[in-house]
Each structure stands twice: as C-alpha cells, then as structure tokens.
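Chemist: Have a look at the structure that comes next, please.
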Amino acid sequence: MKRINYLYQTLLASVLLLSFSACKKQINDIEKVQETIELKASSASVALDENDLSKDIITFNWLPARPQSDDHMVSYTTKLDVVGNNFGPGTAIMNYEDDGVYKRSFTSEQLQNWANQKWGIPVNRPFTIEFRVVAQWEGGKTFEAPEVRTIRVNVTPIKTVVFEADKVFLGGSAINGINRIEMAKTLENLNQYAHVLNLQPGNLEIPVEHNGITNYIVSSDASDELKDGTTVPIKMRENVFSWKIETAGEYRVVVNMQKATATIYSPAKALTPRVVTWTGDGSVAQTTTVSELWMHGAINSWGTPIKMDCKVSLADPQILVYNGGRVGKAKFIVYGGTDNNKNLAYAFTAPVSGTGTAQELTLVLGTTTTLAGGTTSAQRNSYYTIPASTNVVVFDLRNNTILAEKR
C-alpha cells in the first residue's frame with residue numbers, strides 16, 4: 001500500500017512539473033512598441049500677467065502618437081492639475097481634443113482662478129502644474145497600449161493683497177442706536193463683504209476682527225472725505241478711522257479684502273437693478289426689472305422655463321448668483337411663464353457671431369466670459385452650455401459677464 005502511495009505521489013509531481021514547464025514555455029515577452037509622442041511646454045516657468053489676464057500664458061504642444069492601421073481610431077485626452085493631486089477627478093482640468101489638434105493653451109486668469117478656487121493653493125504662493133496628454137486607440141484587431149506623456153511647469157501667481165479677517169463690521173455715530181453691524185460675505189466673491197443700511201450724519205467706521213484683535217480699515221490716502229461711489233484703495237491700522245457721512249439715507253458699503261479696496265455709495269449714487277424692455281405676444285410692450293432669471297432651451301426641452309432662484313448680491317443689485325447644480329445648454333430669460341412669451345422674452349445668452357447670426361458656446365470653469373442680451377431672433381437663439389460639475393453661476397448684468405464655477 002505504501003508503494004502504491006509513493007508511486008502516486010511521484011506521478012503527480014511529474015505531471016505538475018510538466019505543466020509548469022509547459023506554462024513557462026508559453027510565456028512570451030510583449031514586444032516593445034515605438035512611441036512617438038513628444039510633449040513640450042512653451043516655457044518651463046511662467047509668471048501670471050495681471051495686466052493681460054485673457055492672453056494665453058502657457059501652451060503645451062505634442063507630436064502625434066505612433067501610426068496604426070486604418071482600423072484603429074486614435075483619440076487624445078489632456079489633463080491639467082497641480083502637482084500632488086495626481087489628476088484626481090475633483091481637481092483635474094480635462095479636455096477631449098479635436099482631431100488634428102496637438103496643442104492646448106491656458107490663460108493667466110484660468111490658472112489664477114483654479115489655483116485659488118479649485119486647487120486650494122494659498123494666495124501668493126508659487127505652485128507647479130503638470131500637464132498630461134494620453135493617446136489611446138479603439139477598434140482594430142489588436143490591442144494597442146496607450147501613449148502617455150507628462151510635463152511640469154512652475155507658476156508664479158499674480159500677487160494679491162488679502163487682509164486676514166474673521167469678521168468685518170460697520171460702526172460709528174452714523175449708525176443710529178446700534179454699536180456695530182456685521183457685514184456679510186458676498187455670494188459672488190467670498191473675499192468681499194457688503195451691507196446696505198440707513199445712515200445719519202456722523203462718522204462711519206469699518207472695524208475688522210482677526211484672532212481676537214480689532215483693526216480698522218483706512219483709505220490709503222488717510223482722507224476721511226467720502227468719495228461717493230468711487231472704489232478707493234485701503235489699508236489697515238490699529239487706531240480708529242472713520243469716514244464723514246453728511247447726508248442721511250440708504251448707503252451701500254462694499255469691502256473687497258482680496259483687492260484691498262472699499263466703495264461707499266450714498267443715496268445720490270445708489271446702484272439700481274437692471275431694467276429691460278421687450279415685446280411679448282400680441283405686440284404688447286413689456287418692462288422687466290431683473291431680479292430673477294429662468295433657464296430655457298435644451299436644458300428644459302424648450303418646455304416650462306426653470307426658475308433659477310437667483311440671489312441678488314449685496315454689492316450690486318445687477319449681480320445675480322445661481323447656486324443650483326443644473327448644467328447643459330440654455331439661455332437665461334427674464335420671464336418664467338409657460339405661454340409663448342417665454343420664447344419672446346428678453347434673453348441673456350452667448351454673443352451672436354461676427355456676422356450677426358445665432359451662436360452656441362460653452363462656458364469654461366473659472367473663466368469670466370462675455371454675456372450678451374437682447375430680443376432679436378439671433379440673440380434669443382444663441383446659447384451657453386453650462387459645463388459639468390458647475391454649481392455656481394455669477395451673472396454680472398452691469399458689466400455684461402458670466403462666470404461658471406465649481407466650489
């Protein structure tokens with residue numbers, strides 16, 4: 001019996017040895033492919049230009065990937081991120097490149113906004129971005145490994161003055177019966193504070209609390225004269241400072257901590273909402289004070305307009321902020337009814353083309369873009385596509401701009 005077991009064990013070992021030997025003979029090295037992509041940056045380091053924000057500051061160029069049979073289709077995907085994020089889905093700027101396009105450029109404004117708002121880089125701190133291009137194939141009888149190239153560029157940000165603040169207040173004898181009123185951060189810019197209030201003749205102070213210490217905002221020229229409706233540079237100091245208020249009424253105070261500026265509007269320079277006129281059904285003239293907008297177009301299948309529940313900024317009644325998550329192709333109309341007036345209403349849209357025809361454009365996250373408005377057929381048939389992941393859209397109707405952001 002022992003001999004039979006021994007023979008069985010020997011036979012089993014031989015079979016396993018032969019099997020391993022056969023498997024080993026079947027393993028072949030994967031033939032190395034000749035990759036041809038070469039990726040270059042226009043510069044190894046850049047300093048963002050605050051005087052020409054919309055100009056391309058960095059351009060990446062690459063050579064095409066290796067040629068394949070006509071059965072294979074090659075596509076190029078590019079990603080931009082700050083070093084350390086590893087091109088994560090929440091931080092990478094990804095683009096699917098068009099056929100025959102072998103470059104991608106970025107502006108100073110884009111890099112500055114993404115650094116501050118998307119990548120969480122502290123203000124004024126230099127950073128390093130990395131750009132990646134991936135070529136991959138579909139179709140064909142064989143699997144083709146993708147080609148990947150990555151390059152890094154050092155970036156010096158635009159220098160900005162940011163005052164540290166936990167809270168910003170309004171105070172002084174011009175405020176009747178209240179020692180201090182806390183200012184709120186504006187929805188469109190979290191580094192900006194604003195408040196609208198009634199003042200009487202007296203002094204207006206703007207105290208700032210940080211780490212338990214109170215300082216005061218001061219005009220850079222140390223003048224206490226109110227420059228009504230004019231944005232003035234400011235600084236901080238420990239001693240109390242105030243502006244003279246000579247006329248009673250409703251005032252709007254705006255403090256931008258990032259730009260280090262302040263603007264005070266008296267009743268004589270009061271900001272007013274945007275008012276538009278348009279012709280509705282039956283040639284009935286319509287006048288609308290714009291404090292709300294509705295999405296209309298492919299985004300709602302041209303059916304019932306989508307109320308955006310916009311919030312009006314305390315800094316300017318012509319700035320509307322949308323905090324929803326709807327994305328897609330839309331125009332932004334001033335009328336929310338379901339009747340035909342929704343197709344005739346004044347619309348804020350992409351600008352028409354150079355030849356005056358309707359145009360469809362896509363917003364770029366973090367980039368301020370021109371916002372047009374009107375009632376012509378071409379204008380009402382122009383559209384902007386709100387890109388995926390957008391959760392804030394800022395409409396500046398005074399300066400005719402639109403900004404899509406992910407916060």
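Labels used: A, B, ... for chains in the order of the structure tokens, numbers from 1 for residues in each chain, and numbers from 1 for ligands as shown.
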Could the residues of range 99-133 of chain A that have an atom at most 12 Å from range 71-79 of chain A be listed as JSON lines, each with its closest atom pair and the distance in Å to one decimal, counting only C-alpha atoms and ordered by chain and ascending residue number?
Modeler:
```
{"residue": "A:Asp99", "atom": "CA", "partner": "A:Ser75", "partner_atom": "CA", "distance": 7.4}
{"residue": "A:Gly100", "atom": "CA", "partner": "A:Tyr76", "partner_atom": "CA", "distance": 9.6}
{"residue": "A:Val101", "atom": "CA", "partner": "A:Tyr76", "partner_atom": "CA", "distance": 8.9}
{"residue": "A:Tyr102", "atom": "CA", "partner": "A:Tyr76", "partner_atom": "CA", "distance": 8.5}
{"residue": "A:Lys103", "atom": "CA", "partner": "A:Thr78", "partner_atom": "CA", "distance": 9.4}
{"residue": "A:Arg104", "atom": "CA", "partner": "A:Thr78", "partner_atom": "CA", "distance": 8.2}
{"residue": "A:Ser105", "atom": "CA", "partner": "A:Thr78", "partner_atom": "CA", "distance": 11.0}
{"residue": "A:Phe106", "atom": "CA", "partner": "A:Lys79", "partner_atom": "CA", "distance": 11.8}
{"residue": "A:Ile129", "atom": "CA", "partner": "A:Lys79", "partner_atom": "CA", "distance": 10.4}
{"residue": "A:Glu130", "atom": "CA", "partner": "A:Lys79", "partner_atom": "CA", "distance": 8.2}
{"residue": "A:Phe131", "atom": "CA", "partner": "A:Lys79", "partner_atom": "CA", "distance": 5.7}
{"residue": "A:Arg132", "atom": "CA", "partner": "A:Lys79", "partner_atom": "CA", "distance": 5.2}
{"residue": "A:Val133", "atom": "CA", "partner": "A:Thr78", "partner_atom": "CA", "distance": 4.5}
```
Chemist: Using the selection just defined, write its residues with C-alpha atoms as a PDB file, in the first residue's frame.
Modeler:
```pdb
ATOM      1  CA  ASP A  99      -8.918  65.609 -34.442  1.00  0.00           C
ATOM      2  CA  GLY A 100      -5.746  67.137 -35.793  1.00  0.00           C
ATOM      3  CA  VAL A 101      -5.249  69.417 -32.772  1.00  0.00           C
ATOM      4  CA  TYR A 102      -1.961  68.895 -30.970  1.00  0.00           C
ATOM      5  CA  LYS A 103      -1.805  71.794 -28.547  1.00  0.00           C
ATOM      6  CA  ARG A 104      -3.643  73.225 -25.534  1.00  0.00           C
ATOM      7  CA  SER A 105      -3.208  76.709 -24.043  1.00  0.00           C
ATOM      8  CA  PHE A 106      -4.240  78.337 -20.765  1.00  0.00           C
ATOM      9  CA  ILE A 129       1.310  72.417 -12.532  1.00  0.00           C
ATOM     10  CA  GLU A 130       1.569  69.227 -14.529  1.00  0.00           C
ATOM     11  CA  PHE A 131       0.040  68.618 -17.916  1.00  0.00           C
ATOM     12  CA  ARG A 132      -0.625  65.165 -19.319  1.00  0.00           C
ATOM     13  CA  VAL A 133      -1.587  64.005 -22.800  1.00  0.00           C
TER      14      VAL A 133
END
```
Chemist: Give me, as a PyMOL selection string, all polymer residues having an atom no more than 10 Å from range 252-256 of chain A, counting only C-alpha atoms and skipping those fewer than 3 positions away in the same chain.
Modeler: chain A and resi 161-163+168+170+183-186+189-199+206+217+229+231-234+259-267+269-271+314-316
Chemist: I'd like to know which residues of range 68-264 of chain A are helix (DSSP H, G or I) (by DSSP, run on the backbone); could you write them as a ChimeraX atom specification?
Modeler: /A:108-118
Chemist: Which is closer to Thr289 in chain A than all the others in A:Gln359, A:Gln318, A:Thr156, A:Ser313, using only C-alpha atoms?
Modeler: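 For Thr289 in chain A, the nearest of the given residues is A:Gln318.
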Chemist: If we count only C-alpha atoms, what is near Pro126 in chain A at a cut-off of 8 Å, once residues fewer than 4 positions away on the same chain are taken out, given as a list in words?
Modeler: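 The neighbour list is Asn154, Val155, Thr156 and Pro157 of chain A.
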Chemist: Any idea what the distance is between CA of Ser54 in chain A and CA of Ala388 in chain A?
Modeler: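 Interatomic distance, CA of Ser54 in chain A to CA of Ala388 in chain A: 22.4 Å.
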Chemist: Per DSSP on the backbone, what are the strand (DSSP E or B) residues of range 170-375 of chain A, as a CSV table (one decimal) with N, CA and C atoms, in the first residue's frame?
Modeler:
```csv
chain,number,residue,atom,x,y,z
A,170,LEU,N,-19.5,97.3,10.5
A,170,LEU,CA,-19.7,98.8,10.4
A,170,LEU,C,-20.1,99.4,11.7
A,171,GLY,N,-19.5,100.5,12.0
A,171,GLY,CA,-19.8,101.1,13.3
A,171,GLY,C,-19.7,102.6,13.2
A,180,ARG,N,-22.5,98.2,16.4
A,180,ARG,CA,-21.9,97.6,15.3
A,180,ARG,C,-22.9,96.7,14.5
A,181,ILE,N,-22.7,96.7,13.2
A,181,ILE,CA,-23.4,95.8,12.3
A,181,ILE,C,-22.4,94.9,11.6
A,182,GLU,N,-22.6,93.6,11.6
A,182,GLU,CA,-21.6,92.7,10.9
A,182,GLU,C,-22.0,92.7,9.4
A,184,ALA,N,-21.8,91.0,5.7
A,184,ALA,CA,-21.8,89.6,5.2
A,184,ALA,C,-20.9,89.4,4.0
A,185,LYS,N,-20.4,88.2,3.8
A,185,LYS,CA,-19.6,87.9,2.6
A,185,LYS,C,-20.6,87.9,1.4
A,192,GLN,N,-15.1,89.2,-0.4
A,192,GLN,CA,-15.7,90.5,-0.4
A,192,GLN,C,-16.9,90.6,0.6
A,193,TYR,N,-17.0,91.7,1.3
A,193,TYR,CA,-18.1,92.0,2.2
A,193,TYR,C,-18.9,93.1,1.8
A,194,ALA,N,-20.2,93.1,2.1
A,194,ALA,CA,-21.1,94.2,1.7
A,194,ALA,C,-22.3,94.3,2.7
A,195,HIS,N,-22.8,95.5,2.7
A,195,HIS,CA,-24.0,95.7,3.5
A,195,HIS,C,-24.7,97.0,3.0
A,196,VAL,N,-26.1,96.9,3.1
A,196,VAL,CA,-26.9,98.1,2.8
A,196,VAL,C,-27.6,98.5,4.0
A,197,LEU,N,-27.5,99.8,4.4
A,197,LEU,CA,-28.1,100.3,5.7
A,197,LEU,C,-28.4,101.8,5.6
A,198,ASN,N,-29.3,102.2,6.5
A,198,ASN,CA,-29.6,103.6,6.6
A,198,ASN,C,-28.6,104.3,7.6
A,199,LEU,N,-28.0,105.4,7.2
A,199,LEU,CA,-27.1,106.2,8.0
A,199,LEU,C,-27.6,107.6,8.2
A,202,GLY,N,-22.8,111.8,10.5
A,202,GLY,CA,-21.9,111.3,11.6
A,202,GLY,C,-20.7,110.7,11.0
A,203,ASN,N,-20.0,109.8,11.8
A,203,ASN,CA,-18.8,109.1,11.3
A,203,ASN,C,-19.1,107.6,11.1
A,204,LEU,N,-18.5,107.0,10.0
A,204,LEU,CA,-18.7,105.6,9.7
A,204,LEU,C,-17.3,104.9,9.8
A,205,GLU,N,-17.3,103.9,10.7
A,205,GLU,CA,-16.1,103.1,10.9
A,205,GLU,C,-16.3,101.7,10.3
A,207,PRO,N,-14.5,98.4,11.3
A,207,PRO,CA,-13.6,97.6,12.1
A,207,PRO,C,-13.5,96.2,11.6
A,208,VAL,N,-12.3,95.6,11.7
A,208,VAL,CA,-12.1,94.2,11.3
A,208,VAL,C,-11.5,93.4,12.5
A,209,GLU,N,-12.1,92.3,12.7
A,209,GLU,CA,-11.6,91.4,13.8
A,209,GLU,C,-10.9,90.2,13.2
A,210,HIS,N,-9.7,89.9,13.8
A,210,HIS,CA,-8.9,88.7,13.4
A,210,HIS,C,-8.1,88.3,14.6
A,213,ILE,N,-8.2,90.3,17.7
A,213,ILE,CA,-7.6,91.7,17.6
A,213,ILE,C,-8.5,92.5,16.6
A,214,THR,N,-8.8,93.8,17.0
A,214,THR,CA,-9.5,94.6,16.1
A,214,THR,C,-8.7,95.7,15.5
A,215,ASN,N,-8.7,95.8,14.2
A,215,ASN,CA,-8.1,96.8,13.4
A,215,ASN,C,-9.1,97.6,12.7
A,216,TYR,N,-8.7,98.7,12.0
A,216,TYR,CA,-9.7,99.5,11.3
A,216,TYR,C,-9.2,99.7,9.8
A,217,ILE,N,-10.2,99.6,8.9
A,217,ILE,CA,-9.9,99.9,7.5
A,217,ILE,C,-9.8,101.4,7.3
A,218,VAL,N,-8.7,101.8,6.6
A,218,VAL,CA,-8.4,103.2,6.4
A,218,VAL,C,-8.2,103.4,4.9
A,219,SER,N,-8.6,104.5,4.4
A,219,SER,CA,-8.3,104.9,3.0
A,219,SER,C,-6.8,105.1,2.9
A,232,VAL,N,-11.9,102.9,-3.7
A,232,VAL,CA,-10.6,103.5,-3.3
A,232,VAL,C,-9.7,102.4,-2.6
A,233,PRO,N,-8.4,102.5,-2.8
A,233,PRO,CA,-7.5,101.6,-2.1
A,233,PRO,C,-7.6,101.8,-0.6
A,234,ILE,N,-7.4,100.7,0.1
A,234,ILE,CA,-7.4,100.8,1.6
A,234,ILE,C,-6.2,100.1,2.2
A,235,LYS,N,-6.0,100.3,3.5
A,235,LYS,CA,-5.0,99.6,4.3
A,235,LYS,C,-5.6,99.4,5.7
A,236,MET,N,-4.8,98.8,6.6
A,236,MET,CA,-5.3,98.5,8.0
A,236,MET,C,-4.4,99.3,8.9
A,237,ARG,N,-5.1,99.7,10.1
A,237,ARG,CA,-4.3,100.3,11.2
A,237,ARG,C,-5.0,100.0,12.5
A,243,TRP,N,-15.0,107.6,8.1
A,243,TRP,CA,-15.4,108.5,7.0
A,243,TRP,C,-16.5,109.4,7.5
A,244,LYS,N,-16.6,110.6,7.0
A,244,LYS,CA,-17.6,111.6,7.3
A,244,LYS,C,-18.9,111.3,6.5
A,245,ILE,N,-20.0,111.1,7.1
A,245,ILE,CA,-21.3,111.0,6.5
A,245,ILE,C,-22.1,112.2,6.7
A,249,GLY,N,-29.7,108.8,4.8
A,249,GLY,CA,-30.3,108.0,3.7
A,249,GLY,C,-29.7,106.6,3.7
A,250,GLU,N,-30.0,105.8,2.6
A,250,GLU,CA,-29.6,104.5,2.5
A,250,GLU,C,-28.2,104.4,1.8
A,251,TYR,N,-27.3,103.7,2.4
A,251,TYR,CA,-25.9,103.6,1.9
A,251,TYR,C,-25.6,102.1,1.6
A,252,ARG,N,-24.8,101.9,0.6
A,252,ARG,CA,-24.2,100.6,0.3
A,252,ARG,C,-22.7,100.6,0.5
A,253,VAL,N,-22.2,99.7,1.3
A,253,VAL,CA,-20.8,99.7,1.6
A,253,VAL,C,-20.2,98.3,1.2
A,254,VAL,N,-19.2,98.4,0.4
A,254,VAL,CA,-18.6,97.2,-0.2
A,254,VAL,C,-17.1,97.2,0.1
A,255,VAL,N,-16.6,96.1,0.7
A,255,VAL,CA,-15.2,96.0,1.1
A,255,VAL,C,-14.6,94.7,0.4
A,256,ASN,N,-13.7,94.9,-0.5
A,256,ASN,CA,-13.0,93.7,-1.2
A,256,ASN,C,-11.7,93.5,-0.5
A,261,THR,N,-9.7,97.1,-1.4
A,261,THR,CA,-10.5,98.3,-1.9
A,261,THR,C,-11.8,98.4,-1.1
A,262,ALA,N,-12.3,99.6,-1.1
A,262,ALA,CA,-13.6,99.9,-0.5
A,262,ALA,C,-14.4,100.8,-1.3
A,263,THR,N,-15.7,100.6,-1.4
A,263,THR,CA,-16.6,101.5,-2.1
A,263,THR,C,-17.8,101.8,-1.3
A,264,ILE,N,-18.1,103.1,-1.1
A,264,ILE,CA,-19.3,103.5,-0.4
A,264,ILE,C,-20.2,104.3,-1.3
A,265,TYR,N,-21.5,103.9,-1.4
A,265,TYR,CA,-22.4,104.6,-2.3
A,265,TYR,C,-23.5,105.3,-1.4
A,274,ARG,N,-31.0,96.1,-13.0
A,274,ARG,CA,-31.1,96.1,-14.5
A,274,ARG,C,-32.6,96.1,-14.9
A,275,VAL,N,-32.9,97.0,-15.8
A,275,VAL,CA,-34.3,97.0,-16.3
A,275,VAL,C,-34.2,96.8,-17.8
A,276,VAL,N,-35.0,95.9,-18.4
A,276,VAL,CA,-35.0,95.6,-19.8
A,276,VAL,C,-36.4,95.7,-20.4
A,277,THR,N,-36.5,96.0,-21.6
A,277,THR,CA,-37.8,96.1,-22.3
A,277,THR,C,-37.8,95.1,-23.4
A,278,TRP,N,-39.0,94.5,-23.7
A,278,TRP,CA,-39.2,93.6,-24.8
A,278,TRP,C,-40.6,93.5,-25.2
A,279,THR,N,-40.9,92.9,-26.3
A,279,THR,CA,-42.2,92.9,-26.9
A,279,THR,C,-42.8,91.5,-26.8
A,285,ALA,N,-45.9,95.7,-25.2
A,285,ALA,CA,-44.6,96.1,-24.7
A,285,ALA,C,-44.5,95.6,-23.2
A,286,GLN,N,-43.3,95.1,-22.9
A,286,GLN,CA,-43.1,94.6,-21.5
A,286,GLN,C,-41.8,95.3,-21.0
A,287,THR,N,-41.9,95.6,-19.7
A,287,THR,CA,-40.7,96.2,-19.0
A,287,THR,C,-40.5,95.3,-17.8
A,288,THR,N,-39.3,94.8,-17.6
A,288,THR,CA,-38.9,93.9,-16.5
A,288,THR,C,-37.7,94.4,-15.7
A,289,THR,N,-37.9,94.5,-14.4
A,289,THR,CA,-36.8,94.7,-13.5
A,289,THR,C,-36.2,93.4,-13.2
A,290,VAL,N,-34.9,93.2,-13.5
A,290,VAL,CA,-34.3,91.9,-13.5
A,290,VAL,C,-33.8,91.6,-12.1
A,294,TRP,N,-34.7,82.7,-15.6
A,294,TRP,CA,-35.2,81.3,-15.9
A,294,TRP,C,-34.3,80.7,-17.0
A,295,MET,N,-34.0,79.4,-16.8
A,295,MET,CA,-33.3,78.7,-17.9
A,295,MET,C,-34.3,78.2,-18.9
A,296,HIS,N,-33.9,78.3,-20.2
A,296,HIS,CA,-34.8,77.9,-21.2
A,296,HIS,C,-33.9,77.4,-22.4
A,306,ILE,N,-37.1,77.0,-16.3
A,306,ILE,CA,-36.7,76.6,-15.0
A,306,ILE,C,-36.3,77.8,-14.2
A,307,LYS,N,-37.0,78.0,-13.1
A,307,LYS,CA,-36.7,79.2,-12.2
A,307,LYS,C,-35.3,78.9,-11.6
A,311,LYS,N,-29.9,84.7,-6.3
A,311,LYS,CA,-29.7,85.6,-5.2
A,311,LYS,C,-29.1,86.9,-5.7
A,312,VAL,N,-29.7,88.0,-5.2
A,312,VAL,CA,-29.2,89.3,-5.6
A,312,VAL,C,-28.0,89.7,-4.7
A,319,ILE,N,-25.9,92.1,-10.0
A,319,ILE,CA,-25.2,90.8,-9.9
A,319,ILE,C,-26.1,89.8,-9.3
A,320,LEU,N,-26.4,88.8,-10.1
A,320,LEU,CA,-27.3,87.7,-9.7
A,320,LEU,C,-26.4,86.4,-9.6
A,321,VAL,N,-26.7,85.6,-8.6
A,321,VAL,CA,-25.9,84.4,-8.3
A,321,VAL,C,-26.8,83.2,-8.3
A,322,TYR,N,-26.5,82.2,-9.1
A,322,TYR,CA,-27.2,80.9,-9.2
A,322,TYR,C,-26.4,79.9,-8.4
A,328,GLY,N,-26.0,72.2,-18.7
A,328,GLY,CA,-26.5,71.9,-20.1
A,328,GLY,C,-26.6,73.2,-20.9
A,329,LYS,N,-27.2,73.1,-22.1
A,329,LYS,CA,-27.3,74.2,-23.0
A,329,LYS,C,-28.6,75.0,-22.6
A,330,ALA,N,-28.4,76.3,-22.5
A,330,ALA,CA,-29.5,77.2,-22.0
A,330,ALA,C,-29.3,78.6,-22.4
A,331,LYS,N,-30.4,79.4,-22.5
A,331,LYS,CA,-30.3,80.8,-22.5
A,331,LYS,C,-31.0,81.2,-21.2
A,332,PHE,N,-30.9,82.5,-20.8
A,332,PHE,CA,-31.4,82.9,-19.4
A,332,PHE,C,-32.4,84.0,-19.7
A,333,ILE,N,-33.6,83.7,-19.5
A,333,ILE,CA,-34.7,84.7,-19.9
A,333,ILE,C,-35.2,85.4,-18.6
A,347,ALA,N,-33.5,87.9,-23.4
A,347,ALA,CA,-32.7,86.7,-23.1
A,347,ALA,C,-31.2,87.2,-22.9
A,348,PHE,N,-30.6,86.7,-21.9
A,348,PHE,CA,-29.1,86.8,-21.7
A,348,PHE,C,-28.5,85.5,-22.3
A,349,THR,N,-27.6,85.7,-23.2
A,349,THR,CA,-27.1,84.5,-23.9
A,349,THR,C,-25.6,84.7,-24.3
A,360,GLU,N,-23.7,79.3,-30.5
A,360,GLU,CA,-23.7,78.4,-29.3
A,360,GLU,C,-22.3,78.2,-28.8
A,361,LEU,N,-22.0,78.6,-27.5
A,361,LEU,CA,-20.7,78.5,-26.9
A,361,LEU,C,-20.8,77.7,-25.6
A,362,THR,N,-19.6,77.3,-25.2
A,362,THR,CA,-19.6,76.6,-23.9
A,362,THR,C,-18.8,77.4,-22.9
A,369,THR,N,-16.6,85.3,-18.8
A,369,THR,CA,-16.9,85.4,-20.3
A,369,THR,C,-18.0,86.4,-20.6
A,370,THR,N,-17.9,86.9,-21.8
A,370,THR,CA,-18.9,87.9,-22.2
A,370,THR,C,-20.3,87.4,-22.1
A,372,ALA,N,-24.1,88.4,-23.4
A,372,ALA,CA,-24.9,89.3,-24.3
A,372,ALA,C,-26.3,89.2,-23.9
A,373,GLY,N,-27.1,90.2,-24.4
A,373,GLY,CA,-28.5,90.2,-24.0
A,373,GLY,C,-29.3,90.9,-25.1
A,374,GLY,N,-30.6,90.5,-25.3
A,374,GLY,CA,-31.4,91.2,-26.3
A,374,GLY,C,-32.6,90.5,-26.7
```
Chemist: Between A:Gln258, A:Thr247, A:Asn239, A:Ile178, which has the minimum distance to Leu226 in chain A (counting only C-alpha atoms)?
Modeler: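 Selected residue with least distance to Leu226 in chain A: A:Thr247.
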Chemist: Pick the closest to Pro67 in chain A from A:Thr128, A:Asp228, A:Trp137, A:Phe87: which is it, counting only C-alpha atoms?
Modeler: A:Trp137
Chemist: In Å, with one decimal, what is the gap from CA of Asn211 in chain A to CA of Met257 in chain A?
Modeler: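 The value is 16.3 Å.
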